[in-house]
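The next block is data-v7.pdb, given as PDB, C-alpha atoms and all ligand atoms.
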MODEL        1
ATOM      1  CA  MET A   1    -103.529 -40.915  38.460  1.00  0.00           C
ATOM      2  CA  ALA A   2     -99.987 -40.566  39.753  1.00  0.00           C
ATOM      3  CA  ASN A   3     -97.440 -40.633  36.987  1.00  0.00           C
ATOM      4  CA  ALA A   4    -100.004 -41.292  34.262  1.00  0.00           C
ATOM      5  CA  ALA A   5     -98.244 -40.847  30.952  1.00  0.00           C
ATOM      6  CA  VAL A   6     -99.145 -38.254  28.315  1.00  0.00           C
ATOM      7  CA  GLY A   7     -99.427 -39.222  24.639  1.00  0.00           C
ATOM      8  CA  ILE A   8     -97.961 -37.045  21.907  1.00  0.00           C
ATOM      9  CA  PHE A   9     -99.352 -37.450  18.407  1.00  0.00           C
ATOM     10  CA  GLY A  10     -98.059 -35.283  15.578  1.00  0.00           C
ATOM     11  CA  GLY A  11     -98.822 -35.202  11.891  1.00  0.00           C
ATOM     12  CA  ALA A  12     -99.565 -33.117   8.844  1.00  0.00           C
ATOM     13  CA  PHE A  13    -103.276 -33.778   9.404  1.00  0.00           C
ATOM     14  CA  ALA A  14    -104.061 -32.584   5.861  1.00  0.00           C
ATOM     15  CA  PRO A  15    -106.774 -33.373   6.629  1.00  0.00           C
ATOM     16  CA  PHE A  16    -107.213 -34.941  10.079  1.00  0.00           C
ATOM     17  CA  HIS A  17    -109.252 -38.147   9.627  1.00  0.00           C
ATOM     18  CA  ASN A  18    -110.881 -41.003  11.496  1.00  0.00           C
ATOM     19  CA  GLY A  19    -107.687 -43.086  11.407  1.00  0.00           C
ATOM     20  CA  HIS A  20    -105.991 -40.342  13.413  1.00  0.00           C
ATOM     21  CA  LEU A  21    -108.956 -40.077  15.762  1.00  0.00           C
ATOM     22  CA  ARG A  22    -109.166 -43.822  16.463  1.00  0.00           C
ATOM     23  CA  LEU A  23    -105.405 -44.010  16.958  1.00  0.00           C
ATOM     24  CA  ALA A  24    -105.497 -41.229  19.567  1.00  0.00           C
ATOM     25  CA  LEU A  25    -108.535 -42.619  21.405  1.00  0.00           C
ATOM     26  CA  GLU A  26    -107.424 -46.243  21.462  1.00  0.00           C
ATOM     27  CA  ALA A  27    -103.927 -45.289  22.561  1.00  0.00           C
ATOM     28  CA  MET A  28    -105.363 -43.191  25.380  1.00  0.00           C
ATOM     29  CA  GLU A  29    -107.559 -46.059  26.571  1.00  0.00           C
ATOM     30  CA  ARG A  30    -105.176 -48.951  26.116  1.00  0.00           C
ATOM     31  CA  LEU A  31    -102.154 -47.169  27.557  1.00  0.00           C
ATOM     32  CA  ASP A  32    -104.119 -45.433  30.302  1.00  0.00           C
ATOM     33  CA  LEU A  33    -102.824 -42.051  29.198  1.00  0.00           C
ATOM     34  CA  ALA A  34    -103.844 -38.947  31.135  1.00  0.00           C
ATOM     35  CA  GLN A  35    -104.257 -37.145  27.810  1.00  0.00           C
ATOM     36  CA  VAL A  36    -103.186 -37.254  24.165  1.00  0.00           C
ATOM     37  CA  ARG A  37    -101.834 -34.029  22.683  1.00  0.00           C
ATOM     38  CA  LEU A  38    -102.525 -33.694  18.948  1.00  0.00           C
ATOM     39  CA  ILE A  39     -99.857 -31.547  17.334  1.00  0.00           C
ATOM     40  CA  PRO A  40    -100.144 -30.406  13.712  1.00  0.00           C
ATOM     41  CA  THR A  41     -96.709 -29.968  12.251  1.00  0.00           C
ATOM     42  CA  ALA A  42     -95.752 -26.679  10.573  1.00  0.00           C
ATOM     43  CA  HIS A  43     -92.474 -27.293   8.725  1.00  0.00           C
ATOM     44  CA  PRO A  44     -91.783 -31.051   8.782  1.00  0.00           C
ATOM     45  CA  MET A  45     -88.447 -32.439   7.618  1.00  0.00           C
ATOM     46  CA  HIS A  46     -89.733 -35.425   5.676  1.00  0.00           C
ATOM     47  CA  ARG A  47     -92.210 -33.809   3.373  1.00  0.00           C
ATOM     48  CA  PRO A  48     -92.902 -30.426   1.824  1.00  0.00           C
ATOM     49  CA  ASP A  49     -94.956 -27.985   3.899  1.00  0.00           C
ATOM     50  CA  SER A  50     -98.675 -28.511   3.474  1.00  0.00           C
ATOM     51  CA  GLN A  51    -100.553 -26.116   1.180  1.00  0.00           C
ATOM     52  CA  ILE A  52    -103.114 -25.908   3.952  1.00  0.00           C
ATOM     53  CA  SER A  53    -102.235 -23.381   6.629  1.00  0.00           C
ATOM     54  CA  PRO A  54    -101.173 -24.805   9.990  1.00  0.00           C
ATOM     55  CA  GLN A  55    -103.977 -22.805  11.647  1.00  0.00           C
ATOM     56  CA  LYS A  56    -106.580 -24.447   9.396  1.00  0.00           C
ATOM     57  CA  ARG A  57    -105.191 -27.911  10.145  1.00  0.00           C
ATOM     58  CA  LEU A  58    -105.283 -27.105  13.867  1.00  0.00           C
ATOM     59  CA  ASP A  59    -108.892 -25.919  13.530  1.00  0.00           C
ATOM     60  CA  TRP A  60    -109.780 -29.277  11.941  1.00  0.00           C
ATOM     61  CA  VAL A  61    -108.224 -31.092  14.905  1.00  0.00           C
ATOM     62  CA  ARG A  62    -110.260 -28.903  17.264  1.00  0.00           C
ATOM     63  CA  LEU A  63    -113.483 -29.697  15.395  1.00  0.00           C
ATOM     64  CA  ALA A  64    -112.707 -33.420  15.529  1.00  0.00           C
ATOM     65  CA  ILE A  65    -112.056 -33.566  19.265  1.00  0.00           C
ATOM     66  CA  ALA A  66    -114.539 -30.990  20.535  1.00  0.00           C
ATOM     67  CA  LYS A  67    -116.424 -33.614  22.543  1.00  0.00           C
ATOM     68  CA  GLU A  68    -113.492 -35.828  23.509  1.00  0.00           C
ATOM     69  CA  LYS A  69    -112.246 -35.484  27.033  1.00  0.00           C
ATOM     70  CA  GLY A  70    -108.541 -36.196  27.191  1.00  0.00           C
ATOM     71  CA  LEU A  71    -107.712 -35.235  23.603  1.00  0.00           C
ATOM     72  CA  VAL A  72    -105.991 -31.848  23.466  1.00  0.00           C
ATOM     73  CA  ALA A  73    -105.116 -29.751  20.409  1.00  0.00           C
ATOM     74  CA  ASP A  74    -101.599 -28.396  20.840  1.00  0.00           C
ATOM     75  CA  ASP A  75    -100.419 -25.471  18.709  1.00  0.00           C
ATOM     76  CA  ARG A  76     -96.784 -25.388  19.843  1.00  0.00           C
ATOM     77  CA  GLU A  77     -95.279 -26.494  16.515  1.00  0.00           C
ATOM     78  CA  ILE A  78     -97.253 -23.978  14.529  1.00  0.00           C
ATOM     79  CA  ARG A  79     -96.146 -21.205  16.891  1.00  0.00           C
ATOM     80  CA  ARG A  80     -92.478 -22.164  16.659  1.00  0.00           C
ATOM     81  CA  GLU A  81     -90.151 -20.704  14.028  1.00  0.00           C
ATOM     82  CA  GLY A  82     -88.044 -22.966  11.828  1.00  0.00           C
ATOM     83  CA  PRO A  83     -88.302 -26.702  11.173  1.00  0.00           C
ATOM     84  CA  SER A  84     -90.753 -28.675  13.316  1.00  0.00           C
ATOM     85  CA  PHE A  85     -88.516 -31.085  15.152  1.00  0.00           C
ATOM     86  CA  THR A  86     -90.217 -33.597  17.438  1.00  0.00           C
ATOM     87  CA  ILE A  87     -87.224 -33.458  19.769  1.00  0.00           C
ATOM     88  CA  ASP A  88     -87.903 -29.735  20.444  1.00  0.00           C
ATOM     89  CA  THR A  89     -91.550 -30.478  21.187  1.00  0.00           C
ATOM     90  CA  LEU A  90     -90.615 -33.238  23.608  1.00  0.00           C
ATOM     91  CA  VAL A  91     -88.028 -31.081  25.377  1.00  0.00           C
ATOM     92  CA  GLU A  92     -90.681 -28.379  25.867  1.00  0.00           C
ATOM     93  CA  LEU A  93     -93.207 -30.880  27.188  1.00  0.00           C
ATOM     94  CA  LYS A  94     -90.651 -32.394  29.541  1.00  0.00           C
ATOM     95  CA  LYS A  95     -89.986 -28.958  31.018  1.00  0.00           C
ATOM     96  CA  TRP A  96     -93.724 -28.488  31.460  1.00  0.00           C
ATOM     97  CA  ARG A  97     -94.165 -31.829  33.305  1.00  0.00           C
ATOM     98  CA  PRO A  98     -90.757 -33.176  34.320  1.00  0.00           C
ATOM     99  CA  ARG A  99     -92.108 -36.254  36.122  1.00  0.00           C
ATOM    100  CA  THR A 100     -94.698 -37.288  33.540  1.00  0.00           C
ATOM    101  CA  PRO A 101     -93.659 -40.070  31.148  1.00  0.00           C
ATOM    102  CA  LEU A 102     -94.199 -39.046  27.522  1.00  0.00           C
ATOM    103  CA  VAL A 103     -95.330 -41.562  24.896  1.00  0.00           C
ATOM    104  CA  LEU A 104     -94.853 -40.665  21.260  1.00  0.00           C
ATOM    105  CA  LEU A 105     -97.633 -42.239  19.161  1.00  0.00           C
ATOM    106  CA  LEU A 106     -96.698 -43.276  15.634  1.00  0.00           C
ATOM    107  CA  GLY A 107     -98.193 -45.182  12.744  1.00  0.00           C
ATOM    108  CA  ALA A 108     -96.056 -48.080  11.514  1.00  0.00           C
ATOM    109  CA  ASP A 109     -95.122 -46.175   8.327  1.00  0.00           C
ATOM    110  CA  ALA A 110     -93.612 -43.390  10.416  1.00  0.00           C
ATOM    111  CA  PHE A 111     -91.854 -45.893  12.701  1.00  0.00           C
ATOM    112  CA  ALA A 112     -90.194 -47.474   9.649  1.00  0.00           C
ATOM    113  CA  HIS A 113     -88.079 -44.360   9.137  1.00  0.00           C
ATOM    114  CA  PHE A 114     -87.776 -43.291  12.758  1.00  0.00           C
ATOM    115  CA  HIS A 115     -83.960 -43.579  12.543  1.00  0.00           C
ATOM    116  CA  THR A 116     -83.964 -40.700  10.022  1.00  0.00           C
ATOM    117  CA  TRP A 117     -85.655 -38.305  12.450  1.00  0.00           C
ATOM    118  CA  HIS A 118     -83.622 -35.399  13.764  1.00  0.00           C
ATOM    119  CA  MET A 119     -81.889 -36.511  17.003  1.00  0.00           C
ATOM    120  CA  TRP A 120     -83.882 -39.749  17.191  1.00  0.00           C
ATOM    121  CA  GLU A 121     -81.598 -41.172  19.862  1.00  0.00           C
ATOM    122  CA  GLN A 122     -82.233 -38.130  22.069  1.00  0.00           C
ATOM    123  CA  ILE A 123     -85.971 -38.590  21.473  1.00  0.00           C
ATOM    124  CA  LEU A 124     -85.590 -41.986  23.161  1.00  0.00           C
ATOM    125  CA  GLU A 125     -83.992 -40.319  26.172  1.00  0.00           C
ATOM    126  CA  ILE A 126     -87.161 -38.275  26.691  1.00  0.00           C
ATOM    127  CA  ALA A 127     -90.044 -40.422  25.418  1.00  0.00           C
ATOM    128  CA  HIS A 128     -91.354 -43.939  24.883  1.00  0.00           C
ATOM    129  CA  LEU A 129     -92.799 -44.988  21.504  1.00  0.00           C
ATOM    130  CA  ALA A 130     -96.128 -46.715  20.852  1.00  0.00           C
ATOM    131  CA  VAL A 131     -96.545 -47.928  17.284  1.00  0.00           C
ATOM    132  CA  VAL A 132     -99.934 -48.481  15.690  1.00  0.00           C
ATOM    133  CA  SER A 133    -100.428 -50.940  12.823  1.00  0.00           C
ATOM    134  CA  ARG A 134    -100.996 -49.473   9.406  1.00  0.00           C
ATOM    135  CA  PRO A 135    -101.810 -51.312   6.164  1.00  0.00           C
ATOM    136  CA  GLY A 136     -98.632 -52.032   4.222  1.00  0.00           C
ATOM    137  CA  SER A 137     -96.156 -51.379   7.049  1.00  0.00           C
ATOM    138  CA  SER A 138     -94.456 -53.738   9.458  1.00  0.00           C
ATOM    139  CA  LEU A 139     -94.485 -53.181  13.202  1.00  0.00           C
ATOM    140  CA  LEU A 140     -90.819 -54.097  13.520  1.00  0.00           C
ATOM    141  CA  PRO A 141     -88.367 -51.341  14.346  1.00  0.00           C
ATOM    142  CA  PRO A 142     -86.085 -50.202  11.519  1.00  0.00           C
ATOM    143  CA  VAL A 143     -82.839 -52.215  11.586  1.00  0.00           C
ATOM    144  CA  GLU A 144     -80.886 -48.948  11.657  1.00  0.00           C
ATOM    145  CA  ALA A 145     -82.398 -48.078  15.033  1.00  0.00           C
ATOM    146  CA  ASP A 146     -80.461 -50.915  16.635  1.00  0.00           C
ATOM    147  CA  ILE A 147     -80.765 -49.517  20.152  1.00  0.00           C
ATOM    148  CA  LEU A 148     -84.480 -50.343  19.999  1.00  0.00           C
ATOM    149  CA  ARG A 149     -83.577 -54.024  20.130  1.00  0.00           C
ATOM    150  CA  GLY A 150     -83.782 -54.878  23.800  1.00  0.00           C
ATOM    151  CA  ARG A 151     -85.979 -51.849  24.525  1.00  0.00           C
ATOM    152  CA  HIS A 152     -89.250 -53.599  23.710  1.00  0.00           C
ATOM    153  CA  THR A 153     -92.057 -53.950  26.255  1.00  0.00           C
ATOM    154  CA  ASP A 154     -95.575 -55.410  26.064  1.00  0.00           C
ATOM    155  CA  THR A 155     -97.020 -53.677  29.076  1.00  0.00           C
ATOM    156  CA  ALA A 156     -98.259 -50.126  29.333  1.00  0.00           C
ATOM    157  CA  GLU A 157     -97.264 -50.359  32.989  1.00  0.00           C
ATOM    158  CA  ALA A 158     -93.594 -50.155  31.973  1.00  0.00           C
ATOM    159  CA  PHE A 159     -94.283 -46.765  30.352  1.00  0.00           C
ATOM    160  CA  ARG A 160     -95.159 -45.428  33.810  1.00  0.00           C
ATOM    161  CA  THR A 161     -92.352 -46.999  35.774  1.00  0.00           C
ATOM    162  CA  VAL A 162     -89.473 -46.360  33.344  1.00  0.00           C
ATOM    163  CA  PRO A 163     -88.932 -42.691  32.442  1.00  0.00           C
ATOM    164  CA  ALA A 164     -88.232 -43.124  28.700  1.00  0.00           C
ATOM    165  CA  GLY A 165     -86.670 -45.219  25.949  1.00  0.00           C
ATOM    166  CA  LEU A 166     -89.046 -48.203  25.605  1.00  0.00           C
ATOM    167  CA  TRP A 167     -91.250 -49.083  22.659  1.00  0.00           C
ATOM    168  CA  MET A 168     -94.300 -51.271  22.155  1.00  0.00           C
ATOM    169  CA  GLU A 169     -96.716 -52.190  19.399  1.00  0.00           C
ATOM    170  CA  LEU A 170    -100.292 -51.118  19.716  1.00  0.00           C
ATOM    171  CA  PRO A 171    -102.016 -53.411  17.245  1.00  0.00           C
ATOM    172  CA  LEU A 172    -105.353 -51.943  16.168  1.00  0.00           C
ATOM    173  CA  PRO A 173    -107.749 -53.212  13.522  1.00  0.00           C
ATOM    174  CA  LEU A 174    -106.225 -51.935  10.288  1.00  0.00           C
ATOM    175  CA  MET A 175    -107.709 -48.660   9.105  1.00  0.00           C
ATOM    176  CA  GLU A 176    -107.577 -48.121   5.353  1.00  0.00           C
ATOM    177  CA  ILE A 177    -107.749 -44.361   5.682  1.00  0.00           C
ATOM    178  CA  SER A 178    -105.110 -41.833   4.761  1.00  0.00           C
ATOM    179  CA  SER A 179    -105.196 -38.126   4.048  1.00  0.00           C
ATOM    180  CA  THR A 180    -103.802 -38.983   0.614  1.00  0.00           C
ATOM    181  CA  ARG A 181    -106.836 -41.174  -0.117  1.00  0.00           C
ATOM    182  CA  ILE A 182    -109.201 -38.440   1.065  1.00  0.00           C
ATOM    183  CA  ARG A 183    -107.469 -35.867  -1.148  1.00  0.00           C
ATOM    184  CA  ARG A 184    -107.603 -38.275  -4.102  1.00  0.00           C
ATOM    185  CA  LEU A 185    -111.323 -38.911  -3.650  1.00  0.00           C
ATOM    186  CA  LEU A 186    -112.011 -35.179  -3.343  1.00  0.00           C
ATOM    187  CA  LYS A 187    -110.142 -34.658  -6.591  1.00  0.00           C
ATOM    188  CA  GLN A 188    -112.411 -37.220  -8.256  1.00  0.00           C
ATOM    189  CA  GLY A 189    -115.461 -35.478  -6.836  1.00  0.00           C
ATOM    190  CA  ALA A 190    -116.255 -38.651  -4.840  1.00  0.00           C
ATOM    191  CA  SER A 191    -117.714 -38.770  -1.340  1.00  0.00           C
ATOM    192  CA  VAL A 192    -115.376 -38.849   1.631  1.00  0.00           C
ATOM    193  CA  ARG A 193    -118.061 -39.023   4.319  1.00  0.00           C
ATOM    194  CA  GLY A 194    -117.198 -41.599   6.964  1.00  0.00           C
ATOM    195  CA  LEU A 195    -113.469 -41.209   6.420  1.00  0.00           C
ATOM    196  CA  LEU A 196    -113.191 -38.078   8.520  1.00  0.00           C
ATOM    197  CA  PRO A 197    -115.358 -36.512  11.216  1.00  0.00           C
ATOM    198  CA  ASP A 198    -118.571 -34.935   9.902  1.00  0.00           C
ATOM    199  CA  ALA A 199    -117.681 -31.736  11.745  1.00  0.00           C
ATOM    200  CA  ILE A 200    -114.610 -31.320   9.524  1.00  0.00           C
ATOM    201  CA  LEU A 201    -116.319 -32.397   6.308  1.00  0.00           C
ATOM    202  CA  ASP A 202    -119.229 -30.041   6.883  1.00  0.00           C
ATOM    203  CA  ALA A 203    -116.851 -27.137   7.553  1.00  0.00           C
ATOM    204  CA  LEU A 204    -114.800 -27.589   4.342  1.00  0.00           C
ATOM    205  CA  THR A 205    -115.027 -24.555   2.080  1.00  0.00           C
ATOM    206  CA  PRO A 206    -114.629 -24.773  -1.704  1.00  0.00           C
ATOM    207  CA  LYS A 207    -111.219 -23.130  -1.203  1.00  0.00           C
ATOM    208  CA  ASP A 208    -110.191 -25.842   1.313  1.00  0.00           C
ATOM    209  CA  ILE A 209    -111.229 -28.516  -1.164  1.00  0.00           C
ATOM    210  CA  GLU A 210    -109.272 -26.832  -3.922  1.00  0.00           C
ATOM    211  CA  LEU A 211    -106.132 -26.658  -1.767  1.00  0.00           C
ATOM    212  CA  LEU A 212    -106.536 -30.277  -0.652  1.00  0.00           C
ATOM    213  CA  THR A 213    -106.893 -31.520  -4.200  1.00  0.00           C
ATOM    214  CA  HIS A 214    -103.692 -29.707  -5.179  1.00  0.00           C
ATOM    215  CA  GLU A 215    -101.721 -31.145  -2.279  1.00  0.00           C
ATOM    216  CA  ASP A 216     -99.916 -33.719  -4.355  1.00  0.00           C
ATOM    217  CA  ALA A 217     -96.331 -33.405  -3.198  1.00  0.00           C
ATOM    218  CA  PRO A 218     -94.258 -36.583  -2.828  1.00  0.00           C
ATOM    219  CA  GLY A 219     -93.615 -38.348   0.446  1.00  0.00           C
ATOM    220  CA  LYS A 220     -97.212 -38.898   1.340  1.00  0.00           C
ATOM    221  CA  HIS A 221     -98.583 -42.123   2.688  1.00  0.00           C
TER     222      HIS A 221
HETATM  223  P1  LIG B 301    -100.759 -38.401   4.176  1.00  0.00           P
HETATM  224  O1  LIG B 301    -101.467 -39.397   3.309  1.00  0.00           O
HETATM  225  O2  LIG B 301    -100.903 -36.973   3.774  1.00  0.00           O
HETATM  226  O3  LIG B 301     -99.334 -38.777   4.518  1.00  0.00           O
HETATM  227  P2  LIG B 301    -101.662 -39.664   6.615  1.00  0.00           P
HETATM  228  O4  LIG B 301    -103.023 -40.251   6.550  1.00  0.00           O
HETATM  229  O5  LIG B 301    -100.490 -40.587   6.465  1.00  0.00           O
HETATM  230  O6  LIG B 301    -101.564 -38.460   5.586  1.00  0.00           O
HETATM  231  P3  LIG B 301    -100.234 -38.082   8.489  1.00  0.00           P
HETATM  232  O7  LIG B 301    -100.677 -36.743   8.927  1.00  0.00           O
HETATM  233  O8  LIG B 301     -99.133 -38.231   7.503  1.00  0.00           O
HETATM  234  O9  LIG B 301    -101.551 -38.856   7.958  1.00  0.00           O
HETATM  235  O10 LIG B 301     -99.894 -39.024   9.723  1.00  0.00           O
HETATM  236  C1  LIG B 301     -99.741 -38.626  11.045  1.00  0.00           C
HETATM  237  C2  LIG B 301     -99.538 -39.884  11.871  1.00  0.00           C
HETATM  238  O11 LIG B 301    -100.731 -40.673  11.834  1.00  0.00           O
HETATM  239  C3  LIG B 301     -98.409 -40.815  11.386  1.00  0.00           C
HETATM  240  O12 LIG B 301     -97.743 -41.345  12.529  1.00  0.00           O
HETATM  241  C4  LIG B 301     -99.162 -41.903  10.647  1.00  0.00           C
HETATM  242  O13 LIG B 301     -98.461 -43.117  10.632  1.00  0.00           O
HETATM  243  C5  LIG B 301    -100.432 -42.020  11.489  1.00  0.00           C
HETATM  244  N1  LIG B 301    -101.588 -42.532  10.749  1.00  0.00           N
HETATM  245  C6  LIG B 301    -102.303 -41.867   9.833  1.00  0.00           C
HETATM  246  N2  LIG B 301    -103.309 -42.621   9.353  1.00  0.00           N
HETATM  247  C7  LIG B 301    -103.243 -43.798  10.007  1.00  0.00           C
HETATM  248  C8  LIG B 301    -104.016 -45.014   9.930  1.00  0.00           C
HETATM  249  N3  LIG B 301    -105.040 -45.146   9.087  1.00  0.00           N
HETATM  250  N4  LIG B 301    -103.650 -46.040  10.729  1.00  0.00           N
HETATM  251  C9  LIG B 301    -102.602 -45.902  11.574  1.00  0.00           C
HETATM  252  N5  LIG B 301    -101.832 -44.787  11.684  1.00  0.00           N
HETATM  253  C10 LIG B 301    -102.144 -43.756  10.907  1.00  0.00           C
HETATM  254 MG    MG B 302     -98.552 -39.830   6.164  1.00  0.00          MG
ENDMDL
END
If you took the structure in this file and wrote it as structure tokens, what would it be?
Ligand code: ATP
Ligand code: MG
Amino acid sequence: MANAAVGIFGGAFAPFHNGHLRLALEAMERLDLAQVRLIPTAHPMHRPDSQISPQKRLDWVRLAIAKEKGLVADDREIRREGPSFTIDTLVELKKWRPRTPLVLLLGADAFAHFHTWHMWEQILEIAHLAVVSRPGSSLLPPVEADILRGRHTDTAEAFRTVPAGLWMELPLPLMEISSTRIRRLLKQGASVRGLLPDAILDALTPKDIELLTHEDAPGKH
């Protein structure tokens, strides 16, 4: 597909869950993306580093998408030194495929503070944004990101014909799943099956579970 866009989906993924998986798959289908690159973050700005190693979180992504054509685990942020800035990731990807439109996939909670991201205006010079509904968060852009007014589109087509800088909502059925909820249930000794792929759940070691239950830093969803 000429000029098919590529989706970029980053997160702590501590752990990766079915909300993440559905978001990536539905975005790929609805926006006709050539692929979605799933990028675990190593040293994010907006929350403390995960207790779980980046490699382990990447392995979970790999287990989740083993059979999914089009979903790609991308280790670039865990290989990079220093803070994990999305702008750096996008610049790298743009060098890799200069003519391919890039679409940054975000949950509505992340979109709500997009204007606090490092070099967010430059992000809009390189990528489009697609925002997925999330319980408790509005799909409206943050008022501080005033340049997003007038940059709205409702067609995925526009993501292919304009190089960057547009945003659209991608309303999905609300998914009441978060990594925080999974960690909380694990702490209670309750079942989490169905909330994350079986392949991840079945691979969790007692040590993984211990680390997940101690991951209680602020700033989580
Ligand atoms: P935590 O509870 O640790 O914050 P999380 O479930 O919010 O975990 P993250 O790794 O923080 O997952 O999120 C990565 C991205 O996935 C963010 O853009 C977030 O908005 C989005 N996301 C996560 N879960 C959902 C969901 N259930 N519905 C829509 N978007 C989601
Ligand atoms: Mg979160």
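Applied to the file shown here, the PyMOL selection byres (((chain A and resi 45-57) around 8) and not hetatm) selects A:Ala12, A:Phe13, A:Ala14, A:Pro15, A:Phe16, A:Pro40, A:Thr41, A:Ala42, A:His43, A:Pro44, A:Leu58, A:Asp59, A:Trp60, A:Val61, A:Ile78, A:Pro83, A:Ser84, A:Phe85, A:Asp208, A:Leu211, A:Leu212, A:His214, A:Glu215, A:Ala217, A:Pro218, A:Gly219, A:Lys220.
Using all atoms listed in the file for every distance, the candidate list A:Gln35, A:Ser178, A:Ser138, A:Thr86 yields A:Ser178 as the residue closest to ligand MG 302 (chain B).
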Hits of the PyMOL selection byres (((chain A and resi 129) around 12) and not hetatm) in this structure, as a ChimeraX atom specification: /A:5-9,27,31,101-108,110-111,114,120-121,123-128,130-132,139,141,148,151-154,156,158-159,163-170
Write out, as a PDB file, keeping the file's coordinate frame, the residues just selected, with C-alpha atoms.
ATOM      1  CA  ALA A   5     -98.244 -40.847  30.952  1.00  0.00           C
ATOM      2  CA  VAL A   6     -99.145 -38.254  28.315  1.00  0.00           C
ATOM      3  CA  GLY A   7     -99.427 -39.222  24.639  1.00  0.00           C
ATOM      4  CA  ILE A   8     -97.961 -37.045  21.907  1.00  0.00           C
ATOM      5  CA  PHE A   9     -99.352 -37.450  18.407  1.00  0.00           C
ATOM      6  CA  ALA A  27    -103.927 -45.289  22.561  1.00  0.00           C
ATOM      7  CA  LEU A  31    -102.154 -47.169  27.557  1.00  0.00           C
ATOM      8  CA  PRO A 101     -93.659 -40.070  31.148  1.00  0.00           C
ATOM      9  CA  LEU A 102     -94.199 -39.046  27.522  1.00  0.00           C
ATOM     10  CA  VAL A 103     -95.330 -41.562  24.896  1.00  0.00           C
ATOM     11  CA  LEU A 104     -94.853 -40.665  21.260  1.00  0.00           C
ATOM     12  CA  LEU A 105     -97.633 -42.239  19.161  1.00  0.00           C
ATOM     13  CA  LEU A 106     -96.698 -43.276  15.634  1.00  0.00           C
ATOM     14  CA  GLY A 107     -98.193 -45.182  12.744  1.00  0.00           C
ATOM     15  CA  ALA A 108     -96.056 -48.080  11.514  1.00  0.00           C
ATOM     16  CA  ALA A 110     -93.612 -43.390  10.416  1.00  0.00           C
ATOM     17  CA  PHE A 111     -91.854 -45.893  12.701  1.00  0.00           C
ATOM     18  CA  PHE A 114     -87.776 -43.291  12.758  1.00  0.00           C
ATOM     19  CA  TRP A 120     -83.882 -39.749  17.191  1.00  0.00           C
ATOM     20  CA  GLU A 121     -81.598 -41.172  19.862  1.00  0.00           C
ATOM     21  CA  ILE A 123     -85.971 -38.590  21.473  1.00  0.00           C
ATOM     22  CA  LEU A 124     -85.590 -41.986  23.161  1.00  0.00           C
ATOM     23  CA  GLU A 125     -83.992 -40.319  26.172  1.00  0.00           C
ATOM     24  CA  ILE A 126     -87.161 -38.275  26.691  1.00  0.00           C
ATOM     25  CA  ALA A 127     -90.044 -40.422  25.418  1.00  0.00           C
ATOM     26  CA  HIS A 128     -91.354 -43.939  24.883  1.00  0.00           C
ATOM     27  CA  ALA A 130     -96.128 -46.715  20.852  1.00  0.00           C
ATOM     28  CA  VAL A 131     -96.545 -47.928  17.284  1.00  0.00           C
ATOM     29  CA  VAL A 132     -99.934 -48.481  15.690  1.00  0.00           C
ATOM     30  CA  LEU A 139     -94.485 -53.181  13.202  1.00  0.00           C
ATOM     31  CA  PRO A 141     -88.367 -51.341  14.346  1.00  0.00           C
ATOM     32  CA  LEU A 148     -84.480 -50.343  19.999  1.00  0.00           C
ATOM     33  CA  ARG A 151     -85.979 -51.849  24.525  1.00  0.00           C
ATOM     34  CA  HIS A 152     -89.250 -53.599  23.710  1.00  0.00           C
ATOM     35  CA  THR A 153     -92.057 -53.950  26.255  1.00  0.00           C
ATOM     36  CA  ASP A 154     -95.575 -55.410  26.064  1.00  0.00           C
ATOM     37  CA  ALA A 156     -98.259 -50.126  29.333  1.00  0.00           C
ATOM     38  CA  ALA A 158     -93.594 -50.155  31.973  1.00  0.00           C
ATOM     39  CA  PHE A 159     -94.283 -46.765  30.352  1.00  0.00           C
ATOM     40  CA  PRO A 163     -88.932 -42.691  32.442  1.00  0.00           C
ATOM     41  CA  ALA A 164     -88.232 -43.124  28.700  1.00  0.00           C
ATOM     42  CA  GLY A 165     -86.670 -45.219  25.949  1.00  0.00           C
ATOM     43  CA  LEU A 166     -89.046 -48.203  25.605  1.00  0.00           C
ATOM     44  CA  TRP A 167     -91.250 -49.083  22.659  1.00  0.00           C
ATOM     45  CA  MET A 168     -94.300 -51.271  22.155  1.00  0.00           C
ATOM     46  CA  GLU A 169     -96.716 -52.190  19.399  1.00  0.00           C
ATOM     47  CA  LEU A 170    -100.292 -51.118  19.716  1.00  0.00           C
TER      48      LEU A 170
END
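For the atom pair formed by atom CA of A:Ala66 and atom O12 of ligand LIG 301 (chain B), the distance is 21.3 Å, given to one decimal.
Note that the spacing between atom CA of A:Ala34 and atom CA of A:Lys69 amounts to 10.0 Å.
The coordinates place atom CA of A:Gly70 at 9.9 Å from atom CA of A:Glu29.
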Box along x, y and z, 4 Å on every side, all listed atoms of ligand LIG 301 (chain B) inside: centre and edge lengths in Å to one decimal, as lines of an AutoDock Vina configuration file.
center_x = -101.4
center_y = -41.4
center_z = 7.9
size_x = 15.3
size_y = 17.3
size_z = 17.2
Target residues per the PyMOL selection byres (((chain A and resi 142) around 8) and not hetatm), formatted as a PyMOL selection string: chain A and resi 111-115+140-141+143-146
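If you measure from each of A:Arg193, A:Arg30, A:Lys94, A:Arg134 to ligand LIG 301 (chain B) using all atoms listed in the file, the closest one turns out to be A:Arg134.
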Top pick for closest residue to A:Ile39, considering A:Arg79, A:Arg184, A:His118, A:Arg160 and counting only C-alpha atoms: A:Arg79
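Residues having any atom no farther than 10 Å from (-113.8, -40.6, 5.6) (counting all atoms listed in the file) are A:Phe16, A:His17, A:Asn18, A:Gly19, A:Glu176, A:Ile177, A:Ser178, A:Ser179, A:Arg181, A:Ile182, A:Leu185, A:Ser191, A:Val192, A:Arg193, A:Gly194, A:Leu195, A:Leu196, A:Pro197, A:Asp198, A:Leu201.
Excluding A:Gly189 itself and any same-chain residue fewer than 5 positions from it, the protein and nucleic acid residues within 12 Å of it, counting all atoms listed in the file, are Ile182, Arg183, Arg184, Pro206, Ile209, Glu210 and Thr213 of chain A.
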